[in-house]
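**Q** Before I ask anything, here is the structure I am working with.
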2 protein chains.
Amino acid sequence: MFTYQPPLKDIQFVLSDLLNATEVLNQIPAFAEIDDGLMLQVVEEAGRFASEVLFPLNAVGDREGAQYAEGKVKTPTGFAAAYRQFCEAGWPALACDPEYGGQGLPNTLNSVLYEMLSATNHAWTMFPGLLHGAYACLHRHASVELKTRYLPKIISGEWLATMCLTEANAGSDLGLLRTKAVPQPDGSYLISGNKIFISGGEQDMTDNIVHLVLARLPDAPAGSKGISLFLVPKFLPQDEALGERNAVQCTGIEHKMGIHGSPTCSMQFDQARGWLVGEPNHGLAAMFVMMNAARLAVGINGVAIAETSYQNSLAYAQERLQMRAVNRPAERKGEAADPIIMHPAVQRLLMTQRAYLEGGRMLTYWNALLLDNAEHHPDAAVRKSADEQLALMTPIIKSMLTEQGFQGASQALQVYGGHGYISETGIEQYLRDARITMVYEGTNEIQAVDLLMRKIIGDGGQRLEHFLEGVETAAQQHHSGPFAHYAGTLLSLAQRIRHCAGDIAKASASHPELPYTIASEMLRLVGHCALAWLWLRAADTAHRNHNSDPAFHQEKLSTADYYYSFVLPETQQLLSVIEGCLHEAASGKRPAYLSNAIAHASRAS
Amino acid sequence: MFTYQPPLKDIQFVLSDLLNATEVLNQIPAFAEIDDGLMLQVVEEAGRFASEVLFPLNAVGDREGAQYAEGKVKTPTGFAAAYRQFCEAGWPALACDPEYGGQGLPNTLNSVLYEMLSATNHAWTMFPGLLHGAYACLHRHASVELKTRYLPKIISGEWLATMCLTEANAGSDLGLLRTKAVPQPDGSYLISGNKIFISGGEQDMTDNIVHLVLARLPDAPAGSKGISLFLVPKFLPQDEALGERNAVQCTGIEHKMGIHGSPTCSMQFDQARGWLVGEPNHGLAAMFVMMNAARLAVGINGVAIAETSYQNSLAYAQERLQMRAVNRPAERKGEAADPIIMHPAVQRLLMTQRAYLEGGRMLTYWNALLLDNAEHHPDAAVRKSADEQLALMTPIIKSMLTEQGFQGASQALQVYGGHGYISETGIEQYLRDARITMVYEGTNEIQAVDLLMRKIIGDGGQRLEHFLEGVETAAQQHHSGPFAHYAGTLLSLAQRIRHCAGDIAKASASHPELPYTIASEMLRLVGHCALAWLWLRAADTAHRNHNSDPAFHQEKLSTADYYYSFVLPETQQLLSVIEGCLHEAASGKRPAYLSNAIAHASRAS
């Protein structure tokens, strides 16, 4: 029986004990009133909604899928009703501006909410997930008139939203897009073109749909500097009612590996009426401003999938009896077989999932707090510092945690053995659903390039240095005591990362392809440094609070130990690759990995 | 457009240039007549059948799936016709005993055949794949009477076969199985019980099905020493015709993540008539005798999936235009975007796939030759030596190459970006199909335990030592020359593996769980040593033959370089984990990874 228990204890541990979230948030005037009681109440209610309403619809959504016929899309049984319940409870408004009907609560709580939504029903969560991004984009860039007309409907959830970016020939490279926007005398625009991969482009859950569309003005420069952002509603609002149907329609939906319940639409805009959002030709910038939040959300997606996968594989491992354990306890003598959780190979599969997912939770909640600081803190210096840390961590969170969402679901499937491959068991859906997270919102490879080229080399290494110094300060506080061995490992890792980053930046002058070649290794290296730093803090927190809940805190200490012993050694591999490439580059000759292997990715056969 | 081109050039390179397969096989009297021309002809014809007949049915099989109704199973459109064509061409008989109608060709050729079948249609290949295992088992263990009656029908492909091992409570641990066999006065047995996960347990492709069933005799001892093997036909043969329907029926099929075209059946035996194969209570041994061949076949499955995945992601990367490359050639100045193969991140995804799959091909063909030697060589010492190398390599091949089949398909999907997640593209089916290979024929975790406990510690390290000495001898031949740096890396790796294995064996006396805990790392470590050794040989072969086909051989050299620079460094991670655990064990205290992390895989929340 596949289940989901909201991991309230671990969420509490990270929010309250590790990150002192309430205290941090109280520094922000808008959040001055928030207390632990309110936080807990919201988290508990979100957990109830996710586990009781969404989770039972997850397998249904996979089985039925969204169905397309003649321009209309039918969502799976129960999806629309669950969405109504979601809106009635006020969830879409949680972290939105009170001026437009929002509840004005922090992003941090919204992140916890979305972790639990994604953990229980990834496909369904695609609908409101896009809504919040659209809200953030309009709130920042739209005119007062557009905001007044659209934001209240979006915040209440009455209208859902989409992001219409991708075209058949423009995916990672939006600069290639061709959709046109022609200005009209009344200040509106007529939008024409075809978009693909539009999640929720058509559905039967809301009366209206607000499309955010990237398109080119007639006089726009070529490439990414000639893209503007438009708001294009499915129905043109008239006073308080819905007016004319706009010339935008869904021409089909994709059959996909997973998230079957989320319709991935092809959209045709045929002189559809729209309104400019933000400045002409600055559409990408307007979109990218909410990138940190959106990519953080995808990383949370990865943690969420890993959590449900772990919970279920753990429960199965405790029940399933196969083979006798090497160290079986005396009381099991005479039994034909032991629970498979007693076998080290199964323990390894479980602990690897757990070390990544609980580390991922620390990383995402920390960054959600940074996002609140970046958006709301009264002190500009704090805002700036938070924003820069966030910029550095965002590609790591997106890439590393979605990779682990997928690998974690695969590890969980492995615990089930042959039973895991059967649809009825439930885990294979999570594995299929997880796979999209490595691709959408910028592929994981693009995240790595973003990290190394823009966030590290791009600012002369300042953001990275700031991060490493924070890590080193934390490590130095543990130069003696029970975690001195963690601190030593962490200090040496930080130092080697510093050297690598410096050497890569230097070498890139003569070997411009070098950073692109090892960007993925650098991403995981810095990511492990962040996880190791958080696991050190978690161990310290668990150690200090040990007596308040010995079993919970002992497991936290054990998981930290596992992370350092079995997971962190990946850094040895990463460093070996990176330092090997740097060594070749330093030798002066065109490195072998460029002149040979990589240049020959073709195949003479 | 998803395609498959038989990789004839690479197959030829491995068989002829690298392994001198013809020369090796000619040492065996049964294969004395084989020449390069015959080998090539068989390989080319197999490639044609796979690419022209099977490949077009692959997506159909996934979409339609096998369908169950009232005890009957309908296979997907075209599956039965393709199977008839397969039999008419004589493929089932390829590596079978001429005494019963076989063609008497080597396992090596059968391995190449099955690589191409799996590469083009994994689900379809499940049917004849089991056939060969059943043939091998009966050929070795069945009475002359059973062989005379059944083998010709199996070898011709007229009747398909199944392996009925798993029960709901007995998967990895077959010792728990409950199916009963009651002896009858006429020497037959009546079999009663329920089996699950029986591939091809029912189908509409052949008139009869030969089930090989594990069951317990009434007086059998408990556990795995009380299991016997029985042959249970769907229809009892009578003279040359089919007689009475036997009391075995399919009660349902599973909905699965992938291989939809292969029916995974629940089977009910209700006093079904069967005949003992081999000795009473030695059924597991009879089954396991063909384990090396079966697990080699699953490893080949992994290589096959990786090959098709690589081919298609390579073709897509050459066509798809997105972003400008850092080092764009002068002739592309002015183009809006470059083929994504020019981006290092995409090159890395492609080259990683390629290094593993071409390495995997070398490893599997080498082992297929060992299998021919082990089964057919006239010299008992050669047979024994081949058998022992094969025993050592088999769990590595099964585990490491299926892992890479899955990861390779995932890397290929990543090259496609969002398009890879769409079913129509084709790659997501390969990813789903691939996932079963890590689970079936013994989970990959069980392979690792088999390797370390039985194949390494179990014989006092002799097999491993023999392998390492061979590797070292090869490396020493390159202590100077163009591959001296590979040789140095390889020598040091072999030495560290030797030390690890010795230390693990010693430590296991006081820490019996230790080897089980790090078995997966040891498997990959020895696996990388084998791959690195083969890549050294491949580089040397390509270097020597360079002028005969400069483009092909230059790419082979480049891929070797890539393997050593970007793939092999995983050994740094593996060694760090293993040596870390050994260090803790040597310190005398109960290691942390046992006392803390692993003991707490439960969750106090």
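We label chains A, B, ... in the order they appear in the structure tokens, count residues from 1 in each chain, and number ligands from 1 in the order shown.
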Do you know which residues are at most 9 Å from stretch 103-120 of chain B counting only C-alpha atoms, after dropping those on the same chain fewer than 5 positions away, and could you put them as JSON, numbers by chain?
**A** {"B": [3, 4, 6, 7, 11, 15, 21, 25, 30, 31, 34, 39, 42, 43, 46, 47, 49, 50, 51, 54, 55, 56, 57, 58, 90, 91, 93, 94, 95, 96, 97, 98, 125, 126, 129, 293, 296, 297, 300, 301, 302, 303, 304, 305, 306, 307, 308, 309, 364, 365, 366, 367, 368, 369, 370, 371, 372]}
**Q** Can you build me a table of chain B residues sitting at most 7 Å from chain A, with the closest atom pair per residue and its distance in Å to one decimal, using only C-alpha atoms, sorted by chain and residue number, as JSON lines?
**A**
{"residue": "B:Pro7", "atom": "CA", "partner": "A:Ser605", "partner_atom": "CA", "distance": 7.0}
{"residue": "B:Lys9", "atom": "CA", "partner": "A:Ser605", "partner_atom": "CA", "distance": 5.7}
{"residue": "B:Ser172", "atom": "CA", "partner": "A:Gln322", "partner_atom": "CA", "distance": 6.8}
{"residue": "B:Asp173", "atom": "CA", "partner": "A:Gln322", "partner_atom": "CA", "distance": 5.4}
{"residue": "B:Glu254", "atom": "CA", "partner": "A:Ile422", "partner_atom": "CA", "distance": 6.5}
{"residue": "B:His255", "atom": "CA", "partner": "A:Ser423", "partner_atom": "CA", "distance": 5.5}
{"residue": "B:Lys256", "atom": "CA", "partner": "A:Ile422", "partner_atom": "CA", "distance": 4.4}
{"residue": "B:Met257", "atom": "CA", "partner": "A:Tyr421", "partner_atom": "CA", "distance": 5.6}
{"residue": "B:Gln322", "atom": "CA", "partner": "A:Asp173", "partner_atom": "CA", "distance": 5.4}
{"residue": "B:Met323", "atom": "CA", "partner": "A:Asp173", "partner_atom": "CA", "distance": 5.5}
{"residue": "B:Val326", "atom": "CA", "partner": "A:Glu513", "partner_atom": "CA", "distance": 6.4}
{"residue": "B:Pro344", "atom": "CA", "partner": "A:Thr517", "partner_atom": "CA", "distance": 5.0}
{"residue": "B:Ala345", "atom": "CA", "partner": "A:Thr517", "partner_atom": "CA", "distance": 6.0}
{"residue": "B:Gln347", "atom": "CA", "partner": "A:Ile598", "partner_atom": "CA", "distance": 5.8}
{"residue": "B:Leu350", "atom": "CA", "partner": "A:Ala601", "partner_atom": "CA", "distance": 6.5}
{"residue": "B:Met351", "atom": "CA", "partner": "A:Ala601", "partner_atom": "CA", "distance": 6.2}
{"residue": "B:Gln414", "atom": "CA", "partner": "A:Val439", "partner_atom": "CA", "distance": 6.8}
{"residue": "B:Gly417", "atom": "CA", "partner": "A:Val439", "partner_atom": "CA", "distance": 5.6}
{"residue": "B:Gly418", "atom": "CA", "partner": "A:Val439", "partner_atom": "CA", "distance": 5.8}
{"residue": "B:Tyr421", "atom": "CA", "partner": "A:Met257", "partner_atom": "CA", "distance": 5.6}
{"residue": "B:Ile422", "atom": "CA", "partner": "A:Lys256", "partner_atom": "CA", "distance": 4.4}
{"residue": "B:Ser423", "atom": "CA", "partner": "A:Lys256", "partner_atom": "CA", "distance": 5.0}
{"residue": "B:Glu428", "atom": "CA", "partner": "A:Met257", "partner_atom": "CA", "distance": 6.1}
{"residue": "B:Ile436", "atom": "CA", "partner": "A:Tyr421", "partner_atom": "CA", "distance": 6.6}
{"residue": "B:Val439", "atom": "CA", "partner": "A:Gly417", "partner_atom": "CA", "distance": 5.6}
{"residue": "B:Tyr440", "atom": "CA", "partner": "A:Gly418", "partner_atom": "CA", "distance": 6.6}
{"residue": "B:Thr443", "atom": "CA", "partner": "A:Gly417", "partner_atom": "CA", "distance": 6.7}
{"residue": "B:Glu445", "atom": "CA", "partner": "A:Ala345", "partner_atom": "CA", "distance": 6.2}
{"residue": "B:Pro512", "atom": "CA", "partner": "A:Val326", "partner_atom": "CA", "distance": 6.9}
{"residue": "B:Glu513", "atom": "CA", "partner": "A:Val326", "partner_atom": "CA", "distance": 6.4}
{"residue": "B:Tyr516", "atom": "CA", "partner": "A:Pro344", "partner_atom": "CA", "distance": 5.8}
{"residue": "B:Thr517", "atom": "CA", "partner": "A:Pro344", "partner_atom": "CA", "distance": 5.0}
{"residue": "B:Ala551", "atom": "CA", "partner": "A:Ala604", "partner_atom": "CA", "distance": 6.1}
{"residue": "B:Phe552", "atom": "CA", "partner": "A:Ala604", "partner_atom": "CA", "distance": 5.1}
{"residue": "B:Glu555", "atom": "CA", "partner": "A:His600", "partner_atom": "CA", "distance": 5.8}
{"residue": "B:Ser558", "atom": "CA", "partner": "A:Ala597", "partner_atom": "CA", "distance": 4.0}
{"residue": "B:Thr559", "atom": "CA", "partner": "A:Ala597", "partner_atom": "CA", "distance": 5.4}
{"residue": "B:Asp561", "atom": "CA", "partner": "A:Ala597", "partner_atom": "CA", "distance": 6.3}
{"residue": "B:Tyr562", "atom": "CA", "partner": "A:Ala597", "partner_atom": "CA", "distance": 5.4}
{"residue": "B:Ser565", "atom": "CA", "partner": "A:Val577", "partner_atom": "CA", "distance": 6.5}
{"residue": "B:Phe566", "atom": "CA", "partner": "A:Val577", "partner_atom": "CA", "distance": 5.8}
{"residue": "B:Pro569", "atom": "CA", "partner": "A:Gln573", "partner_atom": "CA", "distance": 5.2}
{"residue": "B:Glu570", "atom": "CA", "partner": "A:Gln573", "partner_atom": "CA", "distance": 5.0}
{"residue": "B:Gln572", "atom": "CA", "partner": "A:Gln573", "partner_atom": "CA", "distance": 5.2}
{"residue": "B:Gln573", "atom": "CA", "partner": "A:Glu570", "partner_atom": "CA", "distance": 5.1}
{"residue": "B:Ser576", "atom": "CA", "partner": "A:Pro569", "partner_atom": "CA", "distance": 6.1}
{"residue": "B:Val577", "atom": "CA", "partner": "A:Phe566", "partner_atom": "CA", "distance": 5.8}
{"residue": "B:Tyr593", "atom": "CA", "partner": "A:Tyr562", "partner_atom": "CA", "distance": 6.5}
{"residue": "B:Asn596", "atom": "CA", "partner": "A:Ser558", "partner_atom": "CA", "distance": 4.8}
{"residue": "B:Ala597", "atom": "CA", "partner": "A:Ser558", "partner_atom": "CA", "distance": 4.0}
{"residue": "B:Ile598", "atom": "CA", "partner": "A:Gln347", "partner_atom": "CA", "distance": 5.8}
{"residue": "B:His600", "atom": "CA", "partner": "A:Glu555", "partner_atom": "CA", "distance": 5.8}
{"residue": "B:Ala601", "atom": "CA", "partner": "A:Gln347", "partner_atom": "CA", "distance": 6.1}
{"residue": "B:Ala604", "atom": "CA", "partner": "A:Phe552", "partner_atom": "CA", "distance": 5.1}
{"residue": "B:Ser605", "atom": "CA", "partner": "A:Lys9", "partner_atom": "CA", "distance": 5.7}
**Q** I need the chosen residues saved as a PDB file, in the first residue's frame, with C-alpha atoms.
**A**
ATOM      1  CA  PRO B   7      26.897  -1.239 -35.243  1.00  0.00           C
ATOM      2  CA  LYS B   9      32.002  -1.819 -37.558  1.00  0.00           C
ATOM      3  CA  SER B 172      15.509 -13.153  -4.242  1.00  0.00           C
ATOM      4  CA  ASP B 173      15.094 -15.897  -1.643  1.00  0.00           C
ATOM      5  CA  GLU B 254       0.981  -7.324 -14.657  1.00  0.00           C
ATOM      6  CA  HIS B 255       0.826  -3.695 -15.717  1.00  0.00           C
ATOM      7  CA  LYS B 256       4.433  -2.622 -15.722  1.00  0.00           C
ATOM      8  CA  MET B 257       6.716   0.356 -16.152  1.00  0.00           C
ATOM      9  CA  GLN B 322      20.255  25.671 -30.150  1.00  0.00           C
ATOM     10  CA  MET B 323      22.682  28.305 -28.808  1.00  0.00           C
ATOM     11  CA  VAL B 326      31.935  28.736 -27.685  1.00  0.00           C
ATOM     12  CA  PRO B 344      30.662  20.486 -24.351  1.00  0.00           C
ATOM     13  CA  ALA B 345      27.807  19.536 -22.009  1.00  0.00           C
ATOM     14  CA  GLN B 347      29.487  16.052 -25.844  1.00  0.00           C
ATOM     15  CA  LEU B 350      27.332  11.476 -25.564  1.00  0.00           C
ATOM     16  CA  MET B 351      30.860  10.410 -24.744  1.00  0.00           C
ATOM     17  CA  GLN B 414      18.752  14.393 -21.487  1.00  0.00           C
ATOM     18  CA  GLY B 417      15.736  17.854 -23.500  1.00  0.00           C
ATOM     19  CA  GLY B 418      11.965  18.269 -23.225  1.00  0.00           C
ATOM     20  CA  TYR B 421      10.090  13.147 -22.306  1.00  0.00           C
ATOM     21  CA  ILE B 422       7.543  12.789 -25.134  1.00  0.00           C
ATOM     22  CA  SER B 423       6.589   9.193 -25.949  1.00  0.00           C
ATOM     23  CA  GLU B 428      11.571   7.321 -22.934  1.00  0.00           C
ATOM     24  CA  ILE B 436      13.823  -4.004 -15.332  1.00  0.00           C
ATOM     25  CA  VAL B 439      16.071  -6.049 -11.040  1.00  0.00           C
ATOM     26  CA  TYR B 440      15.600  -9.295 -12.918  1.00  0.00           C
ATOM     27  CA  THR B 443      18.981  -7.729  -8.362  1.00  0.00           C
ATOM     28  CA  GLU B 445      22.695  -5.771  -5.072  1.00  0.00           C
ATOM     29  CA  PRO B 512      30.853  -9.872   9.246  1.00  0.00           C
ATOM     30  CA  GLU B 513      28.586  -7.147   7.871  1.00  0.00           C
ATOM     31  CA  TYR B 516      27.992  -6.774   2.518  1.00  0.00           C
ATOM     32  CA  THR B 517      28.066  -3.053   3.203  1.00  0.00           C
ATOM     33  CA  ALA B 551      38.482   8.000 -38.757  1.00  0.00           C
ATOM     34  CA  PHE B 552      37.162   4.943 -36.964  1.00  0.00           C
ATOM     35  CA  GLU B 555      37.478   7.865 -32.524  1.00  0.00           C
ATOM     36  CA  SER B 558      39.502   9.341 -28.337  1.00  0.00           C
ATOM     37  CA  THR B 559      36.926   7.268 -26.536  1.00  0.00           C
ATOM     38  CA  ASP B 561      41.049   8.818 -23.654  1.00  0.00           C
ATOM     39  CA  TYR B 562      37.610   9.936 -22.543  1.00  0.00           C
ATOM     40  CA  SER B 565      39.834  11.049 -18.100  1.00  0.00           C
ATOM     41  CA  PHE B 566      36.154  11.261 -17.244  1.00  0.00           C
ATOM     42  CA  PRO B 569      37.892   8.590 -11.850  1.00  0.00           C
ATOM     43  CA  GLU B 570      34.797   7.089 -10.241  1.00  0.00           C
ATOM     44  CA  GLN B 572      38.520   7.537  -6.514  1.00  0.00           C
ATOM     45  CA  GLN B 573      35.075   7.722  -4.956  1.00  0.00           C
ATOM     46  CA  SER B 576      37.489   6.458  -0.649  1.00  0.00           C
ATOM     47  CA  VAL B 577      34.333   4.739   0.620  1.00  0.00           C
ATOM     48  CA  TYR B 593      28.584   2.950   9.626  1.00  0.00           C
ATOM     49  CA  ASN B 596      24.976   4.432  13.725  1.00  0.00           C
ATOM     50  CA  ALA B 597      23.897   5.134  10.223  1.00  0.00           C
ATOM     51  CA  ILE B 598      22.879   1.755   8.989  1.00  0.00           C
ATOM     52  CA  HIS B 600      18.983   3.488  12.006  1.00  0.00           C
ATOM     53  CA  ALA B 601      17.486   3.098   8.579  1.00  0.00           C
ATOM     54  CA  ALA B 604      11.526   8.082  14.177  1.00  0.00           C
ATOM     55  CA  SER B 605       8.881  10.518  12.977  1.00  0.00           C
TER      56      SER B 605
END
**Q** Assign secondary structure with DSSP using the backbone only, and return the residues of stretch 360-503 of chain A in alpha helix (DSSP H) as an MDAnalysis selection string.
**A** chainID A and resid 360:376 380:416 427:435 444:449 462:476 484:503
**Q** Excluding same-chain residues fewer than 3 positions from B:Phe483, what lies within 12 Å of it counting only C-alpha atoms, as a VMD selection string?
**A** chain B and resid 474 to 480 486 to 490 532 to 533 535 to 543 557 560 to 561 564
**Q** Find the residues around A:Trp124 up to 7 Å (only C-alpha atoms counted), leave out those fewer than 6 positions away in its own chain, and share them as a PyMOL selection string.
**A** chain A and resi 79+261-262
**Q** I need the residues from that last selection saved to file as an mmCIF file, in the first residue's frame (with N, CA and C atoms), if you can.
**A**
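Saved to part.cif:
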data_model
loop_
_atom_site.group_PDB
_atom_site.id
_atom_site.type_symbol
_atom_site.label_atom_id
_atom_site.label_comp_id
_atom_site.auth_asym_id
_atom_site.auth_seq_id
_atom_site.Cartn_x
_atom_site.Cartn_y
_atom_site.Cartn_z
ATOM 1 N N PHE A 79 -9.481 15.881 -10.198
ATOM 2 C CA PHE A 79 -8.498 16.972 -10.218
ATOM 3 C C PHE A 79 -9.182 18.339 -10.021
ATOM 4 N N GLY A 261 -1.294 13.386 -15.701
ATOM 5 C CA GLY A 261 -2.457 14.192 -15.340
ATOM 6 C C GLY A 261 -2.309 15.663 -15.718
ATOM 7 N N SER A 262 -1.109 16.063 -16.076
ATOM 8 C CA SER A 262 -0.861 17.447 -16.467
ATOM 9 C C SER A 262 -0.834 17.552 -17.985
#
**Q** Between atom CA of B:Gly226 and atom CA of B:Asn281, what is the spacing in Å?
**A** 4.6 Å
**Q** At what distance in Å, to one decimal, does atom CA of A:Glu23 lie from atom CA of A:Asp379?
**A**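 Between atom CA of A:Asp379 and atom CA of A:Glu23 the gap works out to 15.9 Å.
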**Q** Determine which residues of stretch 132-378 of chain B receive a DSSP assignment of strand (DSSP E), computed from the backbone, and state them as a VMD selection string.
**A** chain B and resid 160 to 164 180 to 183 189 to 199 209 to 215 228 to 233 235 to 238 241 to 245 248 to 253 264 to 277
**Q** Name all residues at most 8 Å from A:Cys164 (count only C-alpha atoms; drop same-chain ones fewer than 6 positions away) and give them as a list in words.
**A**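 After dropping sequence-adjacent residues, the list is Lys195, Ile196, Ile198, His211, Leu212, Val213 and Leu214 of chain A.
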**Q** Can I get the selected residues back with C-alpha atoms, as a PDB file, in the first residue's frame?
**A**
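The file below, again17.pdb, is the result:
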ATOM      1  CA  LYS A 195       3.979  27.278 -28.755  1.00  0.00           C
ATOM      2  CA  ILE A 196       4.683  23.762 -27.537  1.00  0.00           C
ATOM      3  CA  ILE A 198       2.642  24.454 -22.462  1.00  0.00           C
ATOM      4  CA  HIS A 211      -1.256  32.974 -20.707  1.00  0.00           C
ATOM      5  CA  LEU A 212       2.094  34.715 -20.308  1.00  0.00           C
ATOM      6  CA  VAL A 213       3.551  34.653 -23.803  1.00  0.00           C
ATOM      7  CA  LEU A 214       7.004  35.483 -25.131  1.00  0.00           C
TER       8      LEU A 214
END
**Q** Neighbours of A:Met267 within 10 Å (only C-alpha atoms; same-chain residues fewer than 6 positions away dropped), as a list in words?
**A** Gly71, Cys164, Glu167, Gly193, Asn194, Lys195, Ile196, Phe197, Ile198, Gly201, Glu202, Val248, Gln249, Cys250, Thr251, Gly252 and Ile253 of chain A
**Q** Pick out the closest residue to B:Cys137 from this set: B:Leu40, B:Met291, B:Leu160, B:Ile396. Count only C-alpha atoms.
**A**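 Looking at the shortest contact to B:Cys137, the residue is B:Met291.
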